[in-house]
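Peer 1: What follows is the file final34.cif, containing mmCIF, C-alpha atoms and all ligand atoms:
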data_work
loop_
_atom_site.label_atom_id
_atom_site.label_comp_id
_atom_site.auth_asym_id
_atom_site.auth_seq_id
_atom_site.Cartn_x
_atom_site.Cartn_y
_atom_site.Cartn_z
CA MET Q 11 -39.69 -15.03 -2.12
CA PRO Q 12 -39.66 -17.40 -5.08
CA ILE Q 13 -37.20 -20.27 -4.85
CA ASP Q 14 -34.43 -21.43 -7.14
CA ALA Q 15 -35.86 -24.70 -8.47
CA THR Q 16 -32.39 -25.96 -9.44
CA LEU Q 17 -31.21 -26.20 -5.82
CA PRO Q 18 -31.02 -29.61 -4.10
CA TYR Q 19 -34.02 -30.82 -2.10
CA ASP Q 20 -34.29 -29.25 1.37
CA ASP Q 21 -35.75 -31.71 3.91
CA SER Q 22 -36.76 -28.84 6.20
CA ASN Q 23 -39.29 -27.37 3.75
CA ILE Q 24 -42.84 -26.99 5.02
CA PHE Q 25 -44.37 -29.70 2.84
CA ALA Q 26 -41.66 -32.19 3.83
CA ARG Q 27 -42.63 -31.47 7.43
CA ILE Q 28 -46.32 -32.01 6.61
CA LEU Q 29 -45.43 -35.32 4.90
CA ARG Q 30 -43.53 -36.44 8.01
CA GLY Q 31 -46.50 -35.53 10.21
CA GLU Q 32 -44.54 -32.83 12.03
CA LEU Q 33 -47.03 -30.14 10.96
CA PRO Q 34 -50.80 -30.53 10.57
CA CYS Q 35 -52.78 -30.24 7.37
CA ARG Q 36 -56.41 -30.55 6.34
CA LYS Q 37 -55.99 -33.78 4.41
CA VAL Q 38 -58.20 -34.51 1.39
CA PHE Q 39 -56.51 -37.61 -0.03
CA GLU Q 40 -53.49 -39.84 0.51
CA ASP Q 41 -52.07 -42.91 -1.19
CA GLU Q 42 -48.56 -44.32 -1.68
CA PHE Q 43 -47.66 -41.66 -4.26
CA ALA Q 44 -49.39 -38.46 -3.19
CA LEU Q 45 -50.86 -36.37 -0.42
CA ALA Q 46 -53.55 -33.72 -1.02
CA PHE Q 47 -54.56 -31.08 1.50
CA HIS Q 48 -56.29 -27.69 1.62
CA ASP Q 49 -54.12 -24.64 0.99
CA ILE Q 50 -53.68 -22.58 4.16
CA ASN Q 51 -54.44 -19.38 2.23
CA PRO Q 52 -57.12 -20.37 -0.30
CA GLN Q 53 -57.40 -18.37 -3.52
CA ALA Q 54 -60.69 -20.01 -4.58
CA PRO Q 55 -63.70 -21.75 -2.96
CA VAL Q 56 -61.73 -24.99 -3.46
CA HIS Q 57 -57.95 -24.69 -3.29
CA VAL Q 58 -56.17 -27.97 -2.72
CA LEU Q 59 -52.47 -28.75 -3.02
CA VAL Q 60 -51.43 -32.15 -4.35
CA ILE Q 61 -47.85 -33.18 -3.61
CA PRO Q 62 -45.83 -36.28 -4.44
CA LYS Q 63 -44.51 -38.35 -1.55
CA GLY Q 64 -41.00 -38.32 -3.02
CA ARG Q 65 -38.31 -35.68 -2.51
CA TYR Q 66 -38.77 -33.47 -5.59
CA VAL Q 67 -38.19 -29.72 -5.60
CA SER Q 68 -40.30 -28.95 -8.64
CA TRP Q 69 -41.97 -30.15 -11.80
CA ALA Q 70 -38.52 -29.92 -13.40
CA ASP Q 71 -36.71 -32.55 -11.36
CA PHE Q 72 -39.86 -34.65 -10.89
CA THR Q 73 -40.36 -35.09 -14.62
CA ALA Q 74 -36.62 -35.61 -15.16
CA THR Q 75 -35.90 -38.09 -12.37
CA ALA Q 76 -39.05 -39.63 -10.87
CA SER Q 77 -39.93 -43.21 -11.82
CA ASP Q 78 -42.72 -43.92 -14.27
CA ALA Q 79 -44.74 -45.34 -11.35
CA GLU Q 80 -44.28 -42.17 -9.30
CA ILE Q 81 -45.27 -39.95 -12.22
CA ALA Q 82 -48.30 -42.06 -13.10
CA GLY Q 83 -49.32 -42.33 -9.45
CA PHE Q 84 -49.04 -38.59 -8.87
CA VAL Q 85 -50.92 -37.61 -12.02
CA ARG Q 86 -53.67 -40.15 -11.28
CA ALA Q 87 -53.94 -38.83 -7.73
CA ILE Q 88 -54.60 -35.32 -9.02
CA GLY Q 89 -57.40 -36.65 -11.21
CA THR Q 90 -58.83 -38.69 -8.35
CA VAL Q 91 -58.84 -35.70 -5.99
CA ALA Q 92 -60.62 -33.52 -8.55
CA ALA Q 93 -63.23 -36.23 -9.14
CA ASP Q 94 -63.68 -36.89 -5.40
CA LEU Q 95 -64.29 -33.17 -4.84
CA GLY Q 96 -67.02 -33.17 -7.52
CA LEU Q 97 -65.10 -30.83 -9.78
CA VAL Q 98 -65.18 -32.71 -13.06
CA ALA Q 99 -68.58 -31.54 -14.27
CA PRO Q 100 -68.22 -27.85 -13.32
CA GLY Q 101 -64.53 -27.86 -14.24
CA TYR Q 102 -61.39 -26.82 -12.45
CA ARG Q 103 -57.92 -25.42 -12.94
CA LEU Q 104 -54.51 -26.97 -12.27
CA LEU Q 105 -51.38 -24.89 -11.73
CA ALA Q 106 -47.78 -25.77 -10.96
CA ASN Q 107 -45.44 -22.87 -10.28
CA VAL Q 108 -41.79 -23.57 -11.07
CA GLY Q 109 -38.85 -21.53 -9.81
CA GLN Q 110 -38.33 -17.80 -10.00
CA HIS Q 111 -40.48 -16.84 -13.00
CA GLY Q 112 -43.20 -19.24 -11.91
CA HIS Q 113 -43.11 -17.66 -8.42
CA GLN Q 114 -42.77 -21.01 -6.65
CA GLU Q 115 -42.46 -20.41 -2.90
CA VAL Q 116 -42.34 -23.89 -1.38
CA PRO Q 117 -39.45 -26.09 -2.63
CA HIS Q 118 -41.42 -29.37 -2.78
CA LEU Q 119 -43.39 -30.01 -5.98
CA HIS Q 120 -47.04 -29.15 -5.60
CA VAL Q 121 -49.92 -28.83 -8.03
CA HIS Q 122 -52.61 -26.33 -7.11
CA LEU Q 123 -56.15 -27.55 -7.76
CA PHE Q 124 -58.65 -24.69 -7.94
CA GLY Q 125 -62.40 -25.08 -8.21
CA GLY Q 126 -65.78 -23.74 -7.21
CA ARG Q 127 -65.99 -20.70 -9.46
CA GLN Q 128 -65.42 -19.47 -13.01
CA PHE Q 129 -61.74 -18.56 -13.43
CA GLY Q 130 -61.93 -16.74 -16.72
CA ALA Q 131 -58.83 -16.05 -18.80
CA MET Q 132 -55.75 -18.10 -18.04
CA LEU Q 133 -53.24 -15.40 -17.14
CA PRO Q 134 -53.38 -11.67 -16.39
CA ARG Q 135 -52.24 -9.70 -19.43
P1 LIG Q 201 -46.36 -21.73 -4.54
O1 LIG Q 201 -46.31 -20.24 -4.61
O2 LIG Q 201 -45.09 -22.32 -4.03
O3 LIG Q 201 -46.84 -22.35 -5.81
O4 LIG Q 201 -47.52 -22.07 -3.51
C1 LIG Q 201 -47.31 -22.39 -2.18
C2 LIG Q 201 -48.67 -22.53 -1.53
O5 LIG Q 201 -48.48 -23.18 -0.28
C3 LIG Q 201 -49.37 -21.21 -1.25
O6 LIG Q 201 -50.63 -21.21 -1.90
C4 LIG Q 201 -49.49 -21.17 0.27
O7 LIG Q 201 -50.69 -20.60 0.72
C5 LIG Q 201 -49.39 -22.64 0.64
N1 LIG Q 201 -48.84 -22.91 1.96
C6 LIG Q 201 -47.71 -22.37 2.48
N2 LIG Q 201 -47.49 -22.86 3.72
C7 LIG Q 201 -48.48 -23.73 3.97
C8 LIG Q 201 -48.79 -24.56 5.09
O8 LIG Q 201 -48.10 -24.59 6.11
N3 LIG Q 201 -49.92 -25.32 4.99
C9 LIG Q 201 -50.70 -25.32 3.87
N4 LIG Q 201 -51.78 -26.10 3.88
N5 LIG Q 201 -50.44 -24.55 2.80
C10 LIG Q 201 -49.34 -23.77 2.85
#
Before anything else, please render the file you have as structure tokens.
Peer 2:
Amino acid sequence: MPIDATLPYDDSNIFARILRGELPCRKVFEDEFALAFHDINPQAPVHVLVIPKGRYVSWADFTATASDAEIAGFVRAIGTVAADLGLVAPGYRLLANVGQHGHQEVPHLHVHLFGGRQFGAMLPR
């Protein structure tokens, strides 16, 4: 079920639990601003989730309320992960689902990083 991205942050969400080390993940990258790990149900040969360390439900509240340092750190982390995975030359796709229409299921901001194949047109018509 997609979430309501306007609700307050829920500390029991699955990515909050991964950040606290209560649940395992296949970690790809971590720094003070971001954690990246493999999606449990990959939709592509490479499917990594990059999440900020802070308590942000979605792209909406992150861009509205995160500090400039958090935003810069998170965006740089996404670029670093893509480069570390060797995806710059072949190319890759980033996706952030927001709320109901975006079909966001986990209420902690995450950017999907897809790679390893040709993705074709951007959205189904
Ligand atoms: P959304 O639809 O919210 O943009 O994407 C949520 C993503 O989180 C899905 O691709 C789903 O497979 C992934 N996911 C859900 N639970 C877990 C988990 O416990 N571990 C990992 N690594 N990924 C998860």
Peer 1: Which is closest to ligand LIG 201 (chain Q) among Q:Leu17, Q:Leu104, Q:Ala79, Q:Ile24, if we use only C-alpha atoms and all ligand atoms?
Peer 2: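 So, comparing all the options, the nearest one is Q:Ile24.
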Peer 1: What does the structure give for the distance between atom CA of Asp49 of chain Q and atom CA of Tyr66 of chain Q, in Å to one decimal?
Peer 2: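 Taking atom CA of Asp49 of chain Q as the start and atom CA of Tyr66 of chain Q as the end point, the length is 18.9 Å.
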Peer 1: Which one of Q:Ile81, Q:Leu95, Q:Val58, Q:Ala44 sits closest to ligand LIG 201 (chain Q) if you count only C-alpha atoms and all ligand atoms?
Peer 2: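 Among Q:Ile81, Q:Leu95, Q:Val58, Q:Ala44, it is Q:Val58 that comes nearest to ligand LIG 201 (chain Q).
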Peer 1: Which residues are near ligand LIG 201 (chain Q) - at most 9 Å, using all atoms listed in the file? Format: as a PyMOL selection string.
Peer 2: chain Q and resi 11-13+24-25+27-28+33-37+47-53+57-59+105-109+112-122
Peer 1: Nearest to Pro62 of chain Q: which of Q:Leu45, Q:Ala131, Q:Ala76, Q:Ala93 is it, counting all atoms listed in the file?
Peer 2: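 Using all atoms listed in the file, the shortest distance to Pro62 of chain Q belongs to Q:Leu45.
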Peer 1: Interatomic distance between atom CA of Tyr19 of chain Q and atom CA of Ile61 of chain Q?
Peer 2: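 Here the two named atoms are 14.1 Å from each other.
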Peer 1: Just checking: using only C-alpha atoms, which residue out of Q:Thr16, Q:Gly126, Q:Asn23, Q:Ala54 ends up closest to Ala74 of chain Q?
Peer 2: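 That would be Q:Thr16, the residue with the smallest distance to Ala74 of chain Q.
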Peer 1: Calculated over all atoms listed in the file, which of the candidates Q:Arg65, Q:Ala46, Q:Asp14, Q:Met132 has the smallest distance to Ala92 of chain Q?
Peer 2: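 Of the candidates, the smallest distance to Ala92 of chain Q is held by Q:Ala46.
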